[in-house]
Amino acid sequence: MLAPHVFKRPKSSPAPPAKSFRHNQSHRRSSGVQQISRLSGLNQSFNTSVGLHRSQIIQENEHFTLERYGSTLPVLVTEAIIMLDDDADDTKCSVRIESAGWACLVVARKLFVWRFKTEHLQCYELTLPSSNLNHHARLVAVFPNVTNTALVSVMAMSPEGVIRYWSNAAHEESYIEINAGLQGHEGHSLTQALPLGCILTTTTNALYLMTPIGSGRQLSVTCRSLGTSQGMLAGIGRRMSSFMFGSSASHSNSFSQSIERVHVSDGNNVDGKMLHVLTGVHLQVWSISDDEQKILFDVNIDKIFRDYMCEVIWEDECDPVDLHTWMIDLQVNGDDVMIMAACWNLDISSTIYFVFGSLDMRGVPQSLSSFTVIKHTAIYNEGIEKKLAQYRFLFLDAALSLAYVHTSDTILCLSVSEANQEMENTFKHTNEKILGAGCCDGQAIFFTKAHGLLTITATFENDFTFDLTSLTVNESAWKDESAILSTVGPEQLLDMSMSTDDNQRIKAAFLLCMRKNIKDAQAIVDEVLPSSILPGHDCFLDRLVVSLSRQLVDDFPASDPRWAESVPKDMVSASSSLILHHQLEDKIKALQYFIAFLKTVGLWNRMHSIAADEQRVPTCRVLREHAEKLAAAVALCELHRVHSAVVDSVIKTALTKRSAVSSNSALTPQDLFYREVSKLDDIFWALVQTEQNLIQSDSVTHIDAVTFLSKANSVFEGVLRAISVFRQGPKDEFEQPTLQLQEEYVTWTACKHKTGLKTMLLAQHSLTVQHGIPECIDRHTRATLICQLVSLTEFLLTEESERVDSVKTRGGDGSERYADMVKAYEKDRYRLIQPFLQFEAYVEAAALAEKYLDFRILTQMCDDTDNREKLEHYMKLFSNKGFPQFVFNWYLSEGKQAKLMNQSMSQHKELTAFLQSHYNLSWLHQINMHDFIGAAEVLKSLGQQEESNLAKRKTFLSLAKLSALASGESEETVKQITEEVNLEQEIVLHQESLPHDVLVAEGLDTEYMPVLSPEELVDLYIGESNSAATEYDFRKALDLLVFIDKSDSETDVESLKLKIWCAVILRDSWTDMDTDDPLEKSKDTLFYKTIEHAFYDGVDIKDYLPSVQELLSCEQLGDLRHNPSFKYLVKVGYQHIQTILGID
């Protein structure tokens, strides 16, 4: 896991040498692929009288055989080929070979389909859709019938996008034809993805899934878009790990910007498929199924290849950005993807080199697991790109690493592991054109005009093998007598084992264990650290282990004479190398041996924890931290060569912080810095410190500051990537199952102290956002900084999310601490991703938000871009995580109720559930769902509950009545609602009828008037503020009594009625009134006018008026109730009313 990458070159390779690189594989004896002489027999004319019989050898040597393959060609196919002129345009004739044993030949509009694996030939001739462009066999797919596997189905497409589908190829006239709707784009290829259907790609990188459905007359083909595959701009629904690889290089070539190859393999479930798409400078991996399709990751393979090309071909004497590269083809073999590429360096020569690189796809690939430069080369010329686009290869034998590269007239048989020798066959006759190639039953099969189906097979014996083992640097020194022992002789080892210093004795045990003297090593350990010592926090064992581990990672290179004065006497050096990079690699191996020693002698499971950074840290985690820093140091050392000026300057700053000086002037700052690996994180502080000084300096231009910041980001990115790769590796090596600590563990990369790595990462993120991207003057630099910002953000969020998850895993999800951590994480998550929205980097923002479930970012982004389709996609994708409810709440908080209500039918169920707790909006959704009676009930309740604004209450009530009337429900149901609404509307009308003087006097605004109760309205109508009150006002006050709840114990309706009549009486001067003609005199009073008004309106006066006794005894009348004239006039009036009404 900790082994470094190693490059190997064959010793006897001519210039340019064939070069290869491979990890972690068993070594074999190398022997090349022999060259087969030119196939002179291939220039003969095609003879129809001699069929293609199985195993008819055309040519062979000791390693390979070229022979005809399969049964005799069908007569229809033979005749179609014979009819072709020797000078015919090859684009009108092409062949596709399927692995299941089917082949198809396209000649103009004719399609011939036959099975070549059987002796019983059966060929189907079909007619392709009409087209103004040339048909091609790559737009034809042959597969078993979806309902009857005994039948063969054929799907073919014209370049314009017209699809013909034969469910049974035996019935030529029975087909369906649909238009895929490519909108002017040209179809590129059709690839089987059964049982889902076929994957259609276009020359503009669009992907579609074509699925046959139904049968008989109900037969049809559905066309579902999978999105556009354009590398980093392919869409916003992808994982973000690919952004760790940086932006596309500047010299990727035009022909490779389109899809070069689509490969379909089995997915993780029965019906799912994995889709590998090689497009432009990117490799995309999709997961597709009936339910969904998504991009798992998108890797910038061009950047990865460039680094290897520079190092292996030009030995780092060129800049990767100066290369012209072409990603040509790919093949998938299990968990590995083999890619063929080409490169050219204009500044050095006109030679184009061809390379093969392998990627391990079990995770997001960040480097190549093998890299080979083959001998075959080409010379750059004006038409080379067209020729390069013809290159394809077949990769059949992973164990032997055999590949067959072919163009229209050339086949190369080679090893992609060593590439010592290769076979090249050139067909020179005009008829010797390779019309198609494929594989079947593990054999490479080619179709030529002259011979039909051919195969090339390896016939060598077992001694022809390839060495697949990768020996790491100095690995030979680690076998039996490790380099770790080279500085310790037998006498010194004996002295160490007999020392009174326990530290020295454990070192001796370690060295004895390395010499396979396990017995003596165990004896020393048992004596120094007997099993009777129980494990505990910060005990001697743990301190000793951590101390020895730190000594290993901070080891002095004993063989370097410049360090002679600094090396301690009792030092056990981990490396004998004088090369800095190799010293770091040797420290990695030494640490591995030390861990193996701890496990061998039984100390590993006895370790507990130590005190570090004010927390209890498991000792095994400290050792893991040392290993991570070693991996980071190796990465930094490699980056040092690329960004030497930047790293050199910050190393000096870091050494100043350490106060590290050496009396030996021969030691460089690099020697001093890389020696103390345990303090590696000082480099991050130094980077940030230097950037801040540059930004604040008046003597440094903005351009120079941004350039330095971008390079610093590259250093951050490269080192963090190394740490991430290390953490993604096997975890068992550093696990201690017997140790169960409940304390939260904060990794060294998550420390937030003043100079901690997380603090520096946050500062770097802030510098990039505030001083980097805004100051960019060119798009390339801006894109680079955004991509780097993605890497920083990913690392920060991954670490923090894993920390939160670890607390939850330990059962702390219900604690206050966990809740605080989640809240802090969500705050940081938004703060880190939001700048991408600010810079309109929506692709990156979406990918980060998807990965880390920042629903706020996703919602805000879709709203900013008005992308309802994408928002709908997220609602379905994250429906089980509460995304729809989050969106609904977000719309409410942002005051965007209209958008909340404007949801698609698929979200109506979620919206209905959400609105149950948002009663004031549910009626809108009910109307949208045509539930008018439900909306009427809600609106009626809202109207009754509304107290802050009279206009709102009036609106709610009016809408309630309209909804009820529009519902189409029964008359009784509608009547019940409308009657209740009418009563409420009458109260509203009474409030709206308040005199203007009253409103002014009470300070009521007609536009924002609160809802008043009937009691309050009565007081306003009869109160002093209504000084000009008439009989109509008092009538309204009396009418309001019917709206008062008589069951309310706090309100006495009769007392209120008496209060109104008393107020009416007090509006007139009764004491001065002449009693000579009482009826005539009293008829002008408001009291009798109010009664008269009610009488003419048909009111029952008997119940309308209080009794004369109640009225005359009411205290509200004051002294007036004792006035004889008043009593007389009132009683006369009452008597007169009784006479009129016929009341005794």
# chains A, B, ... in the order shown; residues from 1 in each chain; ligands from 1
call {"tool": "residues_around", "arguments": {"residues": "region 948-965 of chain A", "least_positions_apart": "4", "cutoff": "7 Å", "atoms": "only C-alpha atoms", "output": "PDB file with N, CA, C and O atoms, in the first residue's frame"}}
result
ATOM      1  N   PHE A 932     -62.080  21.775  -4.868  1.00  0.00           N
ATOM      2  CA  PHE A 932     -62.633  23.090  -4.564  1.00  0.00           C
ATOM      3  C   PHE A 932     -63.357  23.107  -3.219  1.00  0.00           C
ATOM      4  O   PHE A 932     -63.306  24.113  -2.508  1.00  0.00           O
ATOM      5  N   ILE A 933     -64.040  22.032  -2.881  1.00  0.00           N
ATOM      6  CA  ILE A 933     -64.774  22.035  -1.622  1.00  0.00           C
ATOM      7  C   ILE A 933     -63.807  22.031  -0.447  1.00  0.00           C
ATOM      8  O   ILE A 933     -64.045  22.666   0.587  1.00  0.00           O
ATOM      9  N   ALA A 935     -60.792  23.339  -0.592  1.00  0.00           N
ATOM     10  CA  ALA A 935     -60.246  24.694  -0.569  1.00  0.00           C
ATOM     11  C   ALA A 935     -61.226  25.659   0.095  1.00  0.00           C
ATOM     12  O   ALA A 935     -60.821  26.562   0.836  1.00  0.00           O
ATOM     13  N   ALA A 936     -62.530  25.470  -0.156  1.00  0.00           N
ATOM     14  CA  ALA A 936     -63.549  26.336   0.441  1.00  0.00           C
ATOM     15  C   ALA A 936     -63.536  26.222   1.963  1.00  0.00           C
ATOM     16  O   ALA A 936     -63.635  27.227   2.678  1.00  0.00           O
ATOM     17  N   GLU A 937     -63.423  25.009   2.465  1.00  0.00           N
ATOM     18  CA  GLU A 937     -63.382  24.810   3.915  1.00  0.00           C
ATOM     19  C   GLU A 937     -62.150  25.490   4.516  1.00  0.00           C
ATOM     20  O   GLU A 937     -62.230  26.140   5.564  1.00  0.00           O
ATOM     21  N   LEU A 939     -60.371  27.988   3.201  1.00  0.00           N
ATOM     22  CA  LEU A 939     -60.503  29.444   3.063  1.00  0.00           C
ATOM     23  C   LEU A 939     -61.480  30.022   4.080  1.00  0.00           C
ATOM     24  O   LEU A 939     -61.249  31.105   4.644  1.00  0.00           O
ATOM     25  N   LYS A 940     -62.551  29.297   4.327  1.00  0.00           N
ATOM     26  CA  LYS A 940     -63.516  29.748   5.325  1.00  0.00           C
ATOM     27  C   LYS A 940     -62.862  29.815   6.706  1.00  0.00           C
ATOM     28  O   LYS A 940     -63.010  30.822   7.428  1.00  0.00           O
ATOM     29  N   LEU A 942     -59.642  30.075   7.314  1.00  0.00           N
ATOM     30  CA  LEU A 942     -58.642  31.138   7.309  1.00  0.00           C
ATOM     31  C   LEU A 942     -59.295  32.499   7.484  1.00  0.00           C
ATOM     32  O   LEU A 942     -58.772  33.372   8.182  1.00  0.00           O
ATOM     33  N   GLY A 943     -60.460  32.672   6.842  1.00  0.00           N
ATOM     34  CA  GLY A 943     -61.185  33.923   6.999  1.00  0.00           C
ATOM     35  C   GLY A 943     -61.649  34.145   8.422  1.00  0.00           C
ATOM     36  O   GLY A 943     -61.560  35.250   8.963  1.00  0.00           O
ATOM     37  N   VAL A 974     -72.873  22.794  -0.406  1.00  0.00           N
ATOM     38  CA  VAL A 974     -72.509  24.144  -0.818  1.00  0.00           C
ATOM     39  C   VAL A 974     -73.256  25.180   0.007  1.00  0.00           C
ATOM     40  O   VAL A 974     -72.687  26.189   0.438  1.00  0.00           O
ATOM     41  N   THR A 978     -71.728  28.297   2.219  1.00  0.00           N
ATOM     42  CA  THR A 978     -72.031  29.682   1.822  1.00  0.00           C
ATOM     43  C   THR A 978     -72.781  30.434   2.910  1.00  0.00           C
ATOM     44  O   THR A 978     -72.572  31.637   3.091  1.00  0.00           O
ATOM     45  N   VAL A 981     -70.291  31.510   5.425  1.00  0.00           N
ATOM     46  CA  VAL A 981     -69.476  32.584   4.857  1.00  0.00           C
ATOM     47  C   VAL A 981     -70.259  33.883   4.836  1.00  0.00           C
ATOM     48  O   VAL A 981     -69.726  34.960   5.123  1.00  0.00           O
ATOM     49  N   GLN A 985     -69.232  37.499   6.240  1.00  0.00           N
ATOM     50  CA  GLN A 985     -69.132  38.653   5.353  1.00  0.00           C
ATOM     51  C   GLN A 985     -69.988  39.836   5.843  1.00  0.00           C
ATOM     52  O   GLN A 985     -69.648  40.996   5.610  1.00  0.00           O
ATOM     53  N   VAL A 988     -67.958  41.694   8.241  1.00  0.00           N
ATOM     54  CA  VAL A 988     -66.977  42.477   7.496  1.00  0.00           C
ATOM     55  C   VAL A 988     -67.626  43.742   6.941  1.00  0.00           C
ATOM     56  O   VAL A 988     -67.060  44.843   6.998  1.00  0.00           O
ATOM     57  N   TYR A1008     -55.093  48.744   6.088  1.00  0.00           N
ATOM     58  CA  TYR A1008     -54.471  47.776   6.996  1.00  0.00           C
ATOM     59  C   TYR A1008     -55.235  47.654   8.310  1.00  0.00           C
ATOM     60  O   TYR A1008     -54.649  47.397   9.357  1.00  0.00           O
ATOM     61  N   MET A1009     -56.532  47.808   8.251  1.00  0.00           N
ATOM     62  CA  MET A1009     -57.353  47.780   9.451  1.00  0.00           C
ATOM     63  C   MET A1009     -57.444  46.355  10.004  1.00  0.00           C
ATOM     64  O   MET A1009     -57.718  45.411   9.258  1.00  0.00           O
ATOM     65  N   PRO A1010     -57.205  46.185  11.290  1.00  0.00           N
ATOM     66  CA  PRO A1010     -57.357  44.850  11.876  1.00  0.00           C
ATOM     67  C   PRO A1010     -58.821  44.455  11.927  1.00  0.00           C
ATOM     68  O   PRO A1010     -59.725  45.293  11.835  1.00  0.00           O
ATOM     69  N   VAL A1011     -59.049  43.184  12.105  1.00  0.00           N
ATOM     70  CA  VAL A1011     -60.420  42.685  12.216  1.00  0.00           C
ATOM     71  C   VAL A1011     -60.929  42.985  13.627  1.00  0.00           C
ATOM     72  O   VAL A1011     -60.266  42.666  14.619  1.00  0.00           O
TER      73      VAL A1011
END
call {"tool": "residues_around", "arguments": {"residues": "Leu494 (chain A)", "least_positions_apart": "5", "cutoff": "12 Å", "atoms": "only C-alpha atoms", "output": "list in words"}}
result
Val488, Gly489, Ser499, Gln504, Arg505, Lys507, Ala508, Ala509, Leu511, Leu512, Asp520, Ala521 and Ile524 of chain A
call {"tool": "write_last_selection", "arguments": {"atoms": "C-alpha atoms", "output": "compact mmCIF listing (two decimals), in the first residue's frame"}}
result
# COMPACT_ATOMS: atom_id res chain seq x y z
CA VAL A 488 23.90 -1.85 12.67
CA GLY A 489 26.54 -4.54 12.97
CA SER A 499 21.52 -2.03 27.22
CA GLN A 504 17.50 0.63 22.87
CA ARG A 505 16.45 -2.89 23.80
CA LYS A 507 15.09 -1.27 18.95
CA ALA A 508 17.27 -4.35 19.20
CA ALA A 509 14.18 -6.57 19.29
CA LEU A 511 16.19 -5.45 14.34
CA LEU A 512 16.30 -9.09 15.47
CA ASP A 520 15.25 -13.57 20.78
CA ALA A 521 13.14 -10.57 19.74
CA ILE A 524 13.51 -9.03 24.86
call {"tool": "residues_around", "arguments": {"residues": "region 346-363 of chain A", "least_positions_apart": "4", "cutoff": "7 Å", "atoms": "only C-alpha atoms", "output": "ChimeraX atom specification"}}
result
/A:335-342,368-374,376-380,416
call {"tool": "write_last_selection", "arguments": {"atoms": "C-alpha atoms", "output": "PDB file, in the first residue's frame"}}
result
ATOM      1  CA  ASP A 335     -11.916  -3.796 -12.628  1.00  0.00           C
ATOM      2  CA  ASP A 336      -9.280  -2.429 -14.999  1.00  0.00           C
ATOM      3  CA  VAL A 337      -9.594  -0.075 -17.944  1.00  0.00           C
ATOM      4  CA  MET A 338      -6.854  -0.110 -20.578  1.00  0.00           C
ATOM      5  CA  ILE A 339      -6.506   3.090 -22.599  1.00  0.00           C
ATOM      6  CA  MET A 340      -4.470   3.678 -25.730  1.00  0.00           C
ATOM      7  CA  ALA A 341      -3.130   7.189 -26.244  1.00  0.00           C
ATOM      8  CA  ALA A 342      -0.621   9.059 -28.400  1.00  0.00           C
ATOM      9  CA  LEU A 368      -2.029   4.631 -13.646  1.00  0.00           C
ATOM     10  CA  SER A 369      -1.494   1.092 -12.449  1.00  0.00           C
ATOM     11  CA  SER A 370       0.619   0.411 -15.563  1.00  0.00           C
ATOM     12  CA  PHE A 371       2.130   2.523 -18.325  1.00  0.00           C
ATOM     13  CA  THR A 372       3.827   1.236 -21.475  1.00  0.00           C
ATOM     14  CA  VAL A 373       5.401   3.015 -24.426  1.00  0.00           C
ATOM     15  CA  ILE A 374       5.295   0.763 -27.493  1.00  0.00           C
ATOM     16  CA  HIS A 376       5.425   1.688 -32.969  1.00  0.00           C
ATOM     17  CA  THR A 377       5.654   5.387 -33.777  1.00  0.00           C
ATOM     18  CA  ALA A 378       4.382   7.806 -36.389  1.00  0.00           C
ATOM     19  CA  ILE A 379       5.608  11.067 -37.869  1.00  0.00           C
ATOM     20  CA  TYR A 380       3.494  14.153 -37.410  1.00  0.00           C
ATOM     21  CA  VAL A 416       1.275  -3.716 -23.175  1.00  0.00           C
TER      22      VAL A 416
END
call {"tool": "closest_residue", "arguments": {"among": "A:Phe855, A:Lys1036, A:Ser220, A:His451", "to": "Ile176 (chain A)", "atoms": "only C-alpha atoms"}}
result
A:Ser220
call {"tool": "atom_distance", "arguments": {"atom1": "CA of His581 (chain A)", "atom2": "CA of Gly756 (chain A)"}}
result
25.5 Å
call {"tool": "residues_around", "arguments": {"residues": "Ile288 (chain A)", "least_positions_apart": "5", "cutoff": "8 Å", "atoms": "only C-alpha atoms", "output": "ChimeraX atom specification"}}
result
/A:267,272-275,293-294
call {"tool": "closest_residue", "arguments": {"among": "A:Ser941, A:Gln1138, A:Thr859, A:Ser289", "to": "Trp890 (chain A)", "atoms": "only C-alpha atoms"}}
result
A:Thr859
